[in-house]
>>> print(open('final-v1.cif').read())   # mmCIF, C-alpha atoms and all ligand atoms
data_query
#
loop_
_atom_site.label_atom_id
_atom_site.label_comp_id
_atom_site.auth_asym_id
_atom_site.auth_seq_id
_atom_site.Cartn_x
_atom_site.Cartn_y
_atom_site.Cartn_z
CA MET A 294 -16.09 18.79 -63.98
CA ALA A 295 -14.70 17.77 -60.60
CA LEU A 296 -14.96 20.23 -57.72
CA PHE A 297 -12.32 20.57 -55.02
CA ARG A 298 -12.47 22.70 -51.89
CA PRO A 299 -9.48 24.11 -50.09
CA ARG A 300 -8.84 22.19 -46.90
CA ARG A 301 -9.49 24.48 -43.98
CA ASN A 302 -8.99 21.98 -41.25
CA GLU A 303 -7.21 18.69 -41.25
CA HIS A 304 -8.92 17.00 -38.35
CA GLY A 305 -11.19 14.01 -38.70
CA THR A 306 -10.93 11.03 -40.99
CA ARG A 307 -10.95 11.19 -44.77
CA ALA A 308 -13.63 8.93 -46.19
CA VAL A 309 -14.91 8.22 -49.67
CA LEU A 310 -18.63 7.84 -50.37
CA ALA A 311 -20.25 6.59 -53.59
CA LEU A 312 -23.67 7.89 -54.61
CA GLY A 313 -26.06 6.36 -57.11
CA SER A 314 -29.56 7.12 -58.33
CA SER A 315 -31.68 5.41 -60.98
CA LEU A 316 -35.19 6.71 -60.29
CA GLY A 317 -36.85 10.13 -60.36
CA ASP A 318 -34.84 13.34 -60.69
CA ARG A 319 -31.49 11.55 -60.53
CA GLU A 320 -29.30 14.62 -60.93
CA GLY A 321 -31.31 16.71 -58.45
CA THR A 322 -31.33 13.89 -55.90
CA ILE A 323 -27.57 13.39 -56.06
CA GLY A 324 -26.90 17.13 -55.82
CA GLN A 325 -29.16 17.48 -52.80
CA ALA A 326 -27.71 14.36 -51.15
CA ILE A 327 -24.19 15.82 -51.44
CA ALA A 328 -25.47 19.00 -49.77
CA ASP A 329 -27.08 16.81 -47.07
CA VAL A 330 -23.74 15.09 -46.39
CA ASP A 331 -22.01 18.46 -46.15
CA MET A 332 -24.61 19.50 -43.54
CA LEU A 333 -23.86 16.52 -41.29
CA ARG A 334 -22.41 17.27 -37.92
CA GLU A 335 -18.59 17.46 -38.00
CA THR A 336 -18.48 16.53 -41.66
CA ARG A 337 -17.33 18.41 -44.71
CA VAL A 338 -17.37 17.48 -48.40
CA GLU A 339 -13.89 18.10 -49.83
CA ALA A 340 -14.22 16.92 -53.44
CA ILE A 341 -17.00 15.95 -55.81
CA SER A 342 -16.29 13.79 -58.85
CA PRO A 343 -17.83 14.22 -62.25
CA THR A 344 -21.08 12.28 -62.71
CA TYR A 345 -21.33 9.20 -64.93
CA GLU A 346 -24.34 7.52 -66.50
CA THR A 347 -23.98 3.81 -65.96
CA VAL A 348 -25.72 0.63 -67.05
CA ALA A 349 -27.58 -0.94 -64.12
CA ILE A 350 -25.92 -3.96 -62.56
CA THR A 351 -28.67 -6.26 -61.29
CA ASP A 352 -28.67 -9.74 -59.77
CA GLU A 353 -28.70 -11.06 -63.36
CA GLY A 354 -25.75 -8.91 -64.48
CA ALA A 355 -25.61 -5.72 -66.55
CA ASP A 356 -29.12 -4.81 -67.73
CA PRO A 357 -29.30 -2.09 -70.41
CA ASP A 358 -33.13 -2.24 -70.21
CA ALA A 359 -33.24 -1.34 -66.49
CA PRO A 360 -33.26 2.36 -65.56
CA ALA A 361 -29.71 3.68 -65.94
CA TYR A 362 -27.92 5.07 -62.89
CA LEU A 363 -26.16 8.32 -62.33
CA ASN A 364 -23.11 7.65 -60.17
CA CYS A 365 -20.52 9.86 -58.55
CA VAL A 366 -18.06 9.78 -55.68
CA ILE A 367 -17.29 12.34 -53.01
CA SER A 368 -14.44 12.60 -50.58
CA ILE A 369 -15.26 13.91 -47.15
CA ARG A 370 -13.57 14.65 -43.87
CA THR A 371 -15.54 13.65 -40.80
CA ASP A 372 -15.32 13.29 -37.05
CA LEU A 373 -18.21 10.83 -37.05
CA SER A 374 -17.51 7.18 -36.27
CA PRO A 375 -18.00 4.73 -39.16
CA HIS A 376 -21.32 3.51 -37.72
CA ALA A 377 -22.57 7.03 -37.05
CA LEU A 378 -21.72 7.87 -40.66
CA LEU A 379 -23.62 4.77 -41.87
CA ASP A 380 -26.67 5.79 -39.81
CA ALA A 381 -26.42 9.31 -41.20
CA VAL A 382 -26.28 8.18 -44.84
CA HIS A 383 -29.23 5.86 -44.25
CA THR A 384 -31.21 8.84 -42.90
CA ILE A 385 -30.28 10.82 -46.02
CA GLU A 386 -31.34 7.89 -48.26
CA ARG A 387 -34.70 7.67 -46.48
CA GLY A 388 -35.15 11.43 -46.85
CA HIS A 389 -34.93 10.93 -50.59
CA GLY A 390 -37.59 8.23 -50.62
CA ARG A 391 -35.26 5.24 -50.68
CA VAL A 392 -37.26 2.05 -50.22
CA ARG A 393 -35.39 -1.20 -49.55
CA ASP A 394 -37.25 -3.87 -51.47
CA GLU A 395 -35.67 -5.56 -54.49
CA HIS A 396 -32.00 -6.51 -54.05
CA TRP A 397 -29.98 -4.37 -56.48
CA GLY A 398 -33.27 -3.01 -57.83
CA PRO A 399 -33.77 0.59 -59.04
CA ARG A 400 -33.54 3.18 -56.28
CA THR A 401 -33.91 6.92 -55.79
CA LEU A 402 -30.67 7.09 -53.83
CA ASP A 403 -27.92 4.81 -52.64
CA ILE A 404 -24.95 5.98 -50.61
CA ASP A 405 -22.15 3.54 -49.85
CA ILE A 406 -19.14 4.08 -47.60
CA ILE A 407 -16.24 3.01 -49.80
CA THR A 408 -13.28 3.75 -47.53
CA PHE A 409 -12.81 5.28 -44.10
CA GLY A 410 -9.20 6.32 -43.69
CA SER A 411 -7.09 3.18 -43.69
CA LEU A 412 -9.70 1.26 -41.67
CA GLU A 413 -10.42 -2.38 -42.50
CA MET A 414 -13.36 -3.81 -40.56
CA MET A 415 -16.35 -6.08 -40.86
CA ASP A 416 -19.32 -6.56 -38.55
CA ALA A 417 -23.01 -7.31 -38.93
CA THR A 418 -23.90 -3.94 -40.44
CA LEU A 419 -20.74 -2.49 -41.89
CA THR A 420 -17.86 -3.69 -44.03
CA ILE A 421 -15.04 -1.25 -44.81
CA PRO A 422 -13.68 -0.98 -47.44
CA HIS A 423 -16.97 -1.63 -49.25
CA PRO A 424 -16.59 -5.26 -50.36
CA ARG A 425 -17.68 -4.74 -53.98
CA ALA A 426 -16.17 -1.32 -54.74
CA TRP A 427 -12.94 -2.85 -56.08
CA GLN A 428 -14.75 -4.36 -59.08
CA ARG A 429 -17.17 -1.53 -59.92
CA ALA A 430 -16.20 0.89 -62.69
CA PHE A 431 -19.18 3.01 -61.59
CA VAL A 432 -17.26 3.65 -58.35
CA LEU A 433 -13.65 3.45 -59.55
CA GLN A 434 -13.92 5.77 -62.58
CA PRO A 435 -15.40 8.81 -60.81
CA TRP A 436 -13.08 8.21 -57.85
CA LEU A 437 -10.08 8.09 -60.20
CA ASP A 438 -11.08 11.49 -61.54
CA ILE A 439 -10.67 13.10 -58.11
CA GLU A 440 -8.00 10.85 -56.53
CA PRO A 441 -5.92 9.22 -59.26
CA ARG A 442 -3.42 7.76 -56.78
CA ALA A 443 -5.96 6.33 -54.34
CA VAL A 444 -5.63 2.83 -52.94
CA ILE A 445 -8.36 0.61 -51.50
CA PRO A 446 -6.86 -0.88 -48.34
CA GLY A 447 -6.48 -4.61 -48.89
CA TYR A 448 -7.32 -4.42 -52.62
CA GLY A 449 -4.79 -2.12 -54.27
CA ARG A 450 -4.53 0.91 -56.51
CA ILE A 451 -7.75 2.12 -58.04
CA ASP A 452 -6.16 2.87 -61.44
CA GLU A 453 -5.16 -0.80 -61.74
CA LEU A 454 -8.56 -2.00 -60.52
CA ARG A 455 -10.34 0.36 -62.94
CA ALA A 456 -8.35 -0.99 -65.87
CA VAL A 457 -9.94 -4.42 -65.45
CA ALA A 458 -13.46 -3.43 -64.32
CA PHE A 459 -15.85 -4.13 -67.17
CA ASP A 460 -19.16 -2.38 -66.36
CA GLU A 461 -20.11 0.47 -68.69
CA VAL A 462 -19.74 4.09 -67.56
CA THR A 463 -20.25 7.17 -69.73
CA PRO A 464 -19.64 10.80 -68.72
CA TYR A 465 -23.03 12.32 -67.95
CA VAL A 466 -24.06 15.26 -70.06
CA PRO A 467 -27.11 16.94 -68.53
CA ASP A 468 -29.96 17.41 -70.96
CA ARG A 469 -30.55 21.11 -70.21
CA ASP A 470 -33.58 22.83 -71.68
CA ASP A 471 -32.66 26.50 -71.41
CA SER A 472 -35.31 27.70 -73.85
N1 LIG A 501 -19.48 0.02 -46.59
C1 LIG A 501 -20.83 -0.01 -46.54
N2 LIG A 501 -21.56 1.03 -47.01
C2 LIG A 501 -22.91 1.01 -46.96
N3 LIG A 501 -23.64 -0.03 -46.46
C3 LIG A 501 -22.95 -1.07 -45.97
C4 LIG A 501 -21.52 -1.12 -46.00
N4 LIG A 501 -21.12 -2.28 -45.44
C5 LIG A 501 -22.22 -2.94 -45.09
N5 LIG A 501 -23.33 -2.24 -45.40
C6 LIG A 501 -24.68 -2.72 -45.12
O1 LIG A 501 -25.29 -3.10 -46.33
C7 LIG A 501 -26.69 -2.98 -46.13
C8 LIG A 501 -27.39 -2.93 -47.45
O2 LIG A 501 -27.01 -1.73 -48.06
P1 LIG A 501 -27.64 -1.31 -49.43
O3 LIG A 501 -29.10 -1.56 -49.44
O4 LIG A 501 -27.16 0.09 -49.72
O5 LIG A 501 -26.96 -2.35 -50.40
P2 LIG A 501 -26.99 -2.23 -51.91
O6 LIG A 501 -26.63 -0.82 -52.24
O7 LIG A 501 -28.29 -2.73 -52.46
O8 LIG A 501 -25.86 -3.21 -52.42
P3 LIG A 501 -24.29 -2.99 -52.41
O9 LIG A 501 -23.86 -3.07 -50.97
O10 LIG A 501 -23.79 -4.12 -53.26
O11 LIG A 501 -23.98 -1.64 -53.01
C9 LIG A 501 -26.82 -1.72 -45.31
O12 LIG A 501 -27.99 -1.74 -44.53
C10 LIG A 501 -25.57 -1.70 -44.47
O13 LIG A 501 -25.81 -2.13 -43.14
N1 LIG A 502 -24.83 1.05 -62.55
C1 LIG A 502 -25.08 0.79 -61.26
N2 LIG A 502 -25.57 -0.40 -60.91
C2 LIG A 502 -25.80 -0.66 -59.59
C3 LIG A 502 -25.56 0.30 -58.62
C4 LIG A 502 -25.07 1.58 -59.02
O1 LIG A 502 -24.84 2.48 -58.18
N3 LIG A 502 -24.84 1.78 -60.35
N4 LIG A 502 -25.78 0.03 -57.30
C5 LIG A 502 -26.17 -1.17 -56.95
C6 LIG A 502 -26.32 -1.50 -55.52
O2 LIG A 502 -25.73 -0.57 -54.75
C7 LIG A 502 -26.50 -2.23 -57.89
N5 LIG A 502 -26.25 -1.87 -59.23
#
>>> encode(input="final-v1.cif", output="structure tokens")
Amino acid sequence: MALFRPRRNEHGTRAVLALGSSLGDREGTIGQAIADVDMLRETRVEAISPTYETVAITDEGADPDAPAYLNCVISIRTDLSPHALLDAVHTIERGHGRVRDEHWGPRTLDIDIITFGSLEMMDATLTIPHPRAWQRAFVLQPWLDIEPRAVIPGYGRIDELRAVAFDEVTPYVPDRDDS
């Protein structure tokens, strides 16, 4: 189920972040990372998408034998600059044991900045909108659940992009042991 919070203040920039985890306590890590984002200076989480279990996309393509990801998307409002937000999400990733080794390899936590208001920019460390979000169902589907009319600046409407994205996403049903 998606969660939405009433907007108490309208200042700052609305940004969309995508979270993914394929190692360890995936659900716990994503939940804590969302709380970490909400604790950032001048930043507030406004909506949390449902979580999806998704087949890992690796350098060789979709790999059903690689650890599956949990993915979700959050919308935030922040007064941080785009680079300060990038630094902050990297700190959160490191706090959850993220190690940068294998390209597109399994990871405890990945947080990508998908959009930042209507900003379009590219420099050595940051590209906004995220350059691969437009083709990733593991980003577009959860985002669609919380913002069905969203547009990726320069790429178009996410409902249209989602319709042609082919990677596999399945609603995540937690395996609760309440006994
Ligand atoms: N919009 C963005 N969000 C997050 N990182 C970005 C963005 N644009 C550029 N980067 C840069 O990409 C670098 C690699 O990021 P990361 O290791 O998370 O990539 P990845 O998750 O493996 O791959 P992908 O970018 O395809 O999701 C980061 O150090 C960061 O400087
Ligand atoms: N299913 C899935 N595959 C991925 C993901 C991800 O979040 N989910 N992230 C990647 C690099 O960011 C590479 N591959």
>>> residues_near_ligand(input="final-v1.cif", ligand="ligand LIG 502 (chain A)", cutoff="7 Å", atoms="all atoms listed in the file", output="JSON, numbers by chain")
{"A": [312, 313, 314, 347, 348, 349, 350, 351, 361, 362, 363, 364, 397, 398, 403, 431]}
>>> write_last_selection(input="final-v1.cif", atoms="C-alpha atoms", output="PDB file, in the frame of the given file")
ATOM      1  CA  LEU A 312     -23.670   7.890 -54.610  1.00  0.00           C
ATOM      2  CA  GLY A 313     -26.060   6.360 -57.110  1.00  0.00           C
ATOM      3  CA  SER A 314     -29.560   7.120 -58.330  1.00  0.00           C
ATOM      4  CA  THR A 347     -23.980   3.810 -65.960  1.00  0.00           C
ATOM      5  CA  VAL A 348     -25.720   0.630 -67.050  1.00  0.00           C
ATOM      6  CA  ALA A 349     -27.580  -0.940 -64.120  1.00  0.00           C
ATOM      7  CA  ILE A 350     -25.920  -3.960 -62.560  1.00  0.00           C
ATOM      8  CA  THR A 351     -28.670  -6.260 -61.290  1.00  0.00           C
ATOM      9  CA  ALA A 361     -29.710   3.680 -65.940  1.00  0.00           C
ATOM     10  CA  TYR A 362     -27.920   5.070 -62.890  1.00  0.00           C
ATOM     11  CA  LEU A 363     -26.160   8.320 -62.330  1.00  0.00           C
ATOM     12  CA  ASN A 364     -23.110   7.650 -60.170  1.00  0.00           C
ATOM     13  CA  TRP A 397     -29.980  -4.370 -56.480  1.00  0.00           C
ATOM     14  CA  GLY A 398     -33.270  -3.010 -57.830  1.00  0.00           C
ATOM     15  CA  ASP A 403     -27.920   4.810 -52.640  1.00  0.00           C
ATOM     16  CA  PHE A 431     -19.180   3.010 -61.590  1.00  0.00           C
TER      17      PHE A 431
END
>>> residues_near_ligand(input="final-v1.cif", ligand="ligand LIG 501 (chain A)", cutoff="10 Å", atoms="all atoms listed in the file", output="PyMOL selection string")
chain A and resi 309-313+350-352+375-376+378-380+382-383+386+391-400+402-409+414-426+429
>>> closest_residue(input="final-v1.cif", among="A:Gln428, A:Ser342, A:Ser411, A:Thr322", to="A:Ala458", atoms="all atoms listed in the file")
A:Gln428
>>> residues_around(input="final-v1.cif", residues="A:Ile451", least_positions_apart="4", cutoff="7 Å", atoms="all atoms listed in the file", output="list of chain:residue names")
A:Leu433, A:Leu437, A:Ala443, A:Val444, A:Ile445, A:Arg455
>>> closest_residue(input="final-v1.cif", among="A:Ser368, A:Thr463, A:Thr384, A:Ser374", to="A:Arg298", atoms="all atoms listed in the file")
A:Ser368
>>> closest_residue(input="final-v1.cif", among="A:Asp460, A:Asp358, A:Glu453, A:Asp331", to="A:Ile385", atoms="all atoms listed in the file")
A:Asp331
>>> closest_residue(input="final-v1.cif", among="A:Arg319, A:Arg334, A:Arg442, A:Arg450", to="A:Gly305", atoms="only C-alpha atoms")
A:Arg334
>>> axis_aligned_box(input="final-v1.cif", around="stretch 411-428 of chain A", padding_each_side="4 Å", output="JSON")
{"center_x": -15.5, "center_y": -2.1, "center_z": -48.8, "size_x": 24.8, "size_y": 18.5, "size_z": 28.5}
>>> atom_distance(input="final-v1.cif", atom1="atom CA of A:Asp452", atom2="atom CA of A:Val338")
22.6 Å
>>> closest_residue(input="final-v1.cif", among="A:Gly388, A:Ala355, A:Ala295, A:Gly317", to="A:Asp329", atoms="all atoms listed in the file")
A:Gly388
>>> atom_distance(input="final-v1.cif", atom1="atom CA of A:Pro464", atom2="atom CA of A:Pro446")
26.7 Å
>>> atom_distance(input="final-v1.cif", atom1="atom CA of A:Met294", atom2="atom CA of A:Arg387")
27.9 Å
>>> closest_residue(input="final-v1.cif", among="A:Glu339, A:Glu440, A:Glu320, A:Asp356", to="A:Tyr465", atoms="all atoms listed in the file")
A:Glu320
>>> residues_around(input="final-v1.cif", residues="A:Asp372", least_positions_apart="6", cutoff="12 Å", atoms="only C-alpha atoms", output="PyMOL selection string")
chain A and resi 302-308+333-337+378+409-410
>>> decode(input="final-v1.cif", residues="stretch 305-449 of chain A", atoms="C-alpha atoms", output="PDB file, in the first residue's frame")
ATOM      1  CA  GLY A 305      11.813  23.345  -1.253  1.00  0.00           C
ATOM      2  CA  THR A 306      12.015  21.255  -4.383  1.00  0.00           C
ATOM      3  CA  ARG A 307      10.047  18.087  -5.009  1.00  0.00           C
ATOM      4  CA  ALA A 308      12.355  15.237  -5.930  1.00  0.00           C
ATOM      5  CA  VAL A 309      11.860  11.557  -6.627  1.00  0.00           C
ATOM      6  CA  LEU A 310      14.272   8.946  -5.292  1.00  0.00           C
ATOM      7  CA  ALA A 311      14.417   5.248  -6.230  1.00  0.00           C
ATOM      8  CA  LEU A 312      15.602   2.705  -3.677  1.00  0.00           C
ATOM      9  CA  GLY A 313      16.789  -0.832  -4.333  1.00  0.00           C
ATOM     10  CA  SER A 314      18.207  -3.648  -2.234  1.00  0.00           C
ATOM     11  CA  SER A 315      19.223  -7.175  -3.208  1.00  0.00           C
ATOM     12  CA  LEU A 316      21.334  -8.339  -0.260  1.00  0.00           C
ATOM     13  CA  GLY A 317      20.680  -8.936   3.442  1.00  0.00           C
ATOM     14  CA  ASP A 318      17.466  -7.814   5.126  1.00  0.00           C
ATOM     15  CA  ARG A 319      16.151  -6.074   2.011  1.00  0.00           C
ATOM     16  CA  GLU A 320      12.850  -4.929   3.479  1.00  0.00           C
ATOM     17  CA  GLY A 321      14.408  -3.700   6.737  1.00  0.00           C
ATOM     18  CA  THR A 322      17.160  -1.862   4.876  1.00  0.00           C
ATOM     19  CA  ILE A 323      14.734  -0.039   2.594  1.00  0.00           C
ATOM     20  CA  GLY A 324      12.460   0.900   5.495  1.00  0.00           C
ATOM     21  CA  GLN A 325      15.369   2.270   7.508  1.00  0.00           C
ATOM     22  CA  ALA A 326      16.804   4.109   4.494  1.00  0.00           C
ATOM     23  CA  ILE A 327      13.469   5.889   3.975  1.00  0.00           C
ATOM     24  CA  ALA A 328      13.559   6.933   7.640  1.00  0.00           C
ATOM     25  CA  ASP A 329      17.164   8.115   7.112  1.00  0.00           C
ATOM     26  CA  VAL A 330      16.078  10.296   4.168  1.00  0.00           C
ATOM     27  CA  ASP A 331      13.257  11.764   6.246  1.00  0.00           C
ATOM     28  CA  MET A 332      15.841  12.677   8.919  1.00  0.00           C
ATOM     29  CA  LEU A 333      17.996  14.662   6.483  1.00  0.00           C
ATOM     30  CA  ARG A 334      18.295  18.340   7.116  1.00  0.00           C
ATOM     31  CA  GLU A 335      15.511  20.327   5.407  1.00  0.00           C
ATOM     32  CA  THR A 336      14.075  17.220   3.812  1.00  0.00           C
ATOM     33  CA  ARG A 337      10.768  15.467   4.231  1.00  0.00           C
ATOM     34  CA  VAL A 338       9.421  12.254   2.705  1.00  0.00           C
ATOM     35  CA  GLU A 339       5.968  12.974   1.250  1.00  0.00           C
ATOM     36  CA  ALA A 340       4.982   9.653  -0.334  1.00  0.00           C
ATOM     37  CA  ILE A 341       6.223   6.078  -0.296  1.00  0.00           C
ATOM     38  CA  SER A 342       5.313   3.689  -3.095  1.00  0.00           C
ATOM     39  CA  PRO A 343       4.443   0.049  -2.686  1.00  0.00           C
ATOM     40  CA  THR A 344       7.462  -2.269  -2.859  1.00  0.00           C
ATOM     41  CA  TYR A 345       8.111  -4.574  -5.805  1.00  0.00           C
ATOM     42  CA  GLU A 346      10.265  -7.667  -6.100  1.00  0.00           C
ATOM     43  CA  THR A 347      12.206  -7.403  -9.326  1.00  0.00           C
ATOM     44  CA  VAL A 348      14.499  -9.578 -11.406  1.00  0.00           C
ATOM     45  CA  ALA A 349      18.080  -8.270 -11.235  1.00  0.00           C
ATOM     46  CA  ILE A 350      19.271  -6.385 -14.291  1.00  0.00           C
ATOM     47  CA  THR A 351      23.006  -7.023 -14.658  1.00  0.00           C
ATOM     48  CA  ASP A 352      25.565  -6.101 -17.301  1.00  0.00           C
ATOM     49  CA  GLU A 353      24.455  -9.260 -19.144  1.00  0.00           C
ATOM     50  CA  GLY A 354      20.743  -8.411 -18.978  1.00  0.00           C
ATOM     51  CA  ALA A 355      17.955  -9.750 -16.759  1.00  0.00           C
ATOM     52  CA  ASP A 356      19.324 -12.515 -14.518  1.00  0.00           C
ATOM     53  CA  PRO A 357      16.694 -14.581 -12.672  1.00  0.00           C
ATOM     54  CA  ASP A 358      19.520 -16.474 -10.902  1.00  0.00           C
ATOM     55  CA  ALA A 359      21.011 -13.329  -9.322  1.00  0.00           C
ATOM     56  CA  PRO A 360      19.576 -12.178  -5.974  1.00  0.00           C
ATOM     57  CA  ALA A 361      16.256 -10.463  -6.651  1.00  0.00           C
ATOM     58  CA  TYR A 362      15.828  -6.810  -5.709  1.00  0.00           C
ATOM     59  CA  LEU A 363      13.215  -5.062  -3.684  1.00  0.00           C
ATOM     60  CA  ASN A 364      12.536  -1.693  -5.290  1.00  0.00           C
ATOM     61  CA  CYS A 365      10.420   1.273  -4.330  1.00  0.00           C
ATOM     62  CA  VAL A 366      10.202   4.993  -5.001  1.00  0.00           C
ATOM     63  CA  ILE A 367       9.693   7.906  -2.649  1.00  0.00           C
ATOM     64  CA  SER A 368       8.811  11.497  -3.320  1.00  0.00           C
ATOM     65  CA  ILE A 369      10.432  14.068  -1.104  1.00  0.00           C
ATOM     66  CA  ARG A 370      10.533  17.796  -0.614  1.00  0.00           C
ATOM     67  CA  THR A 371      13.959  19.224   0.115  1.00  0.00           C
ATOM     68  CA  ASP A 372      15.882  22.449   0.473  1.00  0.00           C
ATOM     69  CA  LEU A 373      19.159  20.651  -0.221  1.00  0.00           C
ATOM     70  CA  SER A 374      20.948  21.306  -3.501  1.00  0.00           C
ATOM     71  CA  PRO A 375      21.090  18.373  -5.942  1.00  0.00           C
ATOM     72  CA  HIS A 376      24.752  17.676  -5.078  1.00  0.00           C
ATOM     73  CA  ALA A 377      24.130  17.935  -1.337  1.00  0.00           C
ATOM     74  CA  LEU A 378      21.289  15.443  -1.780  1.00  0.00           C
ATOM     75  CA  LEU A 379      23.597  13.103  -3.739  1.00  0.00           C
ATOM     76  CA  ASP A 380      26.225  13.303  -0.971  1.00  0.00           C
ATOM     77  CA  ALA A 381      23.533  12.622   1.615  1.00  0.00           C
ATOM     78  CA  VAL A 382      22.184   9.535  -0.158  1.00  0.00           C
ATOM     79  CA  HIS A 383      25.728   8.212  -0.585  1.00  0.00           C
ATOM     80  CA  THR A 384      26.237   8.594   3.182  1.00  0.00           C
ATOM     81  CA  ILE A 385      23.002   6.674   3.779  1.00  0.00           C
ATOM     82  CA  GLU A 386      24.116   3.935   1.342  1.00  0.00           C
ATOM     83  CA  ARG A 387      27.452   3.609   3.148  1.00  0.00           C
ATOM     84  CA  GLY A 388      25.638   3.444   6.487  1.00  0.00           C
ATOM     85  CA  HIS A 389      23.856   0.364   5.190  1.00  0.00           C
ATOM     86  CA  GLY A 390      27.078  -1.358   4.179  1.00  0.00           C
ATOM     87  CA  ARG A 391      26.984  -0.464   0.494  1.00  0.00           C
ATOM     88  CA  VAL A 392      30.243  -1.472  -1.158  1.00  0.00           C
ATOM     89  CA  ARG A 393      30.962  -0.242  -4.684  1.00  0.00           C
ATOM     90  CA  ASP A 394      32.664  -3.123  -6.455  1.00  0.00           C
ATOM     91  CA  GLU A 395      30.922  -4.982  -9.276  1.00  0.00           C
ATOM     92  CA  HIS A 396      29.087  -2.753 -11.767  1.00  0.00           C
ATOM     93  CA  TRP A 397      25.359  -3.494 -11.426  1.00  0.00           C
ATOM     94  CA  GLY A 398      26.252  -6.243  -8.950  1.00  0.00           C
ATOM     95  CA  PRO A 399      24.137  -7.158  -5.897  1.00  0.00           C
ATOM     96  CA  ARG A 400      24.033  -4.457  -3.239  1.00  0.00           C
ATOM     97  CA  THR A 401      22.603  -3.859   0.219  1.00  0.00           C
ATOM     98  CA  LEU A 402      21.257  -0.464  -0.804  1.00  0.00           C
ATOM     99  CA  ASP A 403      21.132   1.761  -3.832  1.00  0.00           C
ATOM    100  CA  ILE A 404      19.490   5.181  -3.855  1.00  0.00           C
ATOM    101  CA  ASP A 405      19.194   7.061  -7.136  1.00  0.00           C
ATOM    102  CA  ILE A 406      17.968  10.612  -7.669  1.00  0.00           C
ATOM    103  CA  ILE A 407      15.401  10.209 -10.443  1.00  0.00           C
ATOM    104  CA  THR A 408      14.111  13.764 -10.778  1.00  0.00           C
ATOM    105  CA  PHE A 409      14.725  17.050  -9.001  1.00  0.00           C
ATOM    106  CA  GLY A 410      11.891  19.431  -9.784  1.00  0.00           C
ATOM    107  CA  SER A 411      12.053  20.242 -13.472  1.00  0.00           C
ATOM    108  CA  LEU A 412      15.868  20.349 -13.431  1.00  0.00           C
ATOM    109  CA  GLU A 413      17.826  18.892 -16.350  1.00  0.00           C
ATOM    110  CA  MET A 414      21.583  18.802 -15.743  1.00  0.00           C
ATOM    111  CA  MET A 415      24.673  16.719 -16.283  1.00  0.00           C
ATOM    112  CA  ASP A 416      28.138  17.025 -14.779  1.00  0.00           C
ATOM    113  CA  ALA A 417      30.896  14.659 -13.706  1.00  0.00           C
ATOM    114  CA  THR A 418      29.010  13.252 -10.718  1.00  0.00           C
ATOM    115  CA  LEU A 419      25.342  13.875 -11.312  1.00  0.00           C
ATOM    116  CA  THR A 420      22.881  13.497 -14.167  1.00  0.00           C
ATOM    117  CA  ILE A 421      19.275  14.601 -13.619  1.00  0.00           C
ATOM    118  CA  PRO A 422      16.872  13.146 -14.592  1.00  0.00           C
ATOM    119  CA  HIS A 423      18.579   9.807 -13.922  1.00  0.00           C
ATOM    120  CA  PRO A 424      19.630   8.704 -17.420  1.00  0.00           C
ATOM    121  CA  ARG A 425      18.286   5.144 -17.186  1.00  0.00           C
ATOM    122  CA  ALA A 426      15.099   5.653 -15.170  1.00  0.00           C
ATOM    123  CA  TRP A 427      12.974   6.100 -18.307  1.00  0.00           C
ATOM    124  CA  GLN A 428      13.494   2.458 -19.326  1.00  0.00           C
ATOM    125  CA  ARG A 429      13.285   0.755 -15.925  1.00  0.00           C
ATOM    126  CA  ALA A 430       9.973  -0.809 -14.905  1.00  0.00           C
ATOM    127  CA  PHE A 431      11.499  -1.255 -11.430  1.00  0.00           C
ATOM    128  CA  VAL A 432      11.471   2.549 -11.153  1.00  0.00           C
ATOM    129  CA  LEU A 433       8.466   3.458 -13.316  1.00  0.00           C
ATOM    130  CA  GLN A 434       5.933   1.003 -11.837  1.00  0.00           C
ATOM    131  CA  PRO A 435       6.282   2.011  -8.167  1.00  0.00           C
ATOM    132  CA  TRP A 436       6.472   5.667  -9.196  1.00  0.00           C
ATOM    133  CA  LEU A 437       3.271   5.290 -11.238  1.00  0.00           C
ATOM    134  CA  ASP A 438       1.535   3.979  -8.129  1.00  0.00           C
ATOM    135  CA  ILE A 439       2.146   7.245  -6.261  1.00  0.00           C
ATOM    136  CA  GLU A 440       2.250   9.764  -9.144  1.00  0.00           C
ATOM    137  CA  PRO A 441       0.284   8.421 -12.099  1.00  0.00           C
ATOM    138  CA  ARG A 442       0.552  11.690 -14.044  1.00  0.00           C
ATOM    139  CA  ALA A 443       4.276  12.234 -13.524  1.00  0.00           C
ATOM    140  CA  VAL A 444       6.561  13.226 -16.372  1.00  0.00           C
ATOM    141  CA  ILE A 445      10.321  12.748 -16.644  1.00  0.00           C
ATOM    142  CA  PRO A 446      11.644  16.047 -17.989  1.00  0.00           C
ATOM    143  CA  GLY A 447      13.033  15.407 -21.464  1.00  0.00           C
ATOM    144  CA  TYR A 448      11.639  11.842 -21.660  1.00  0.00           C
ATOM    145  CA  GLY A 449       7.868  12.048 -21.268  1.00  0.00           C
TER     146      GLY A 449
END
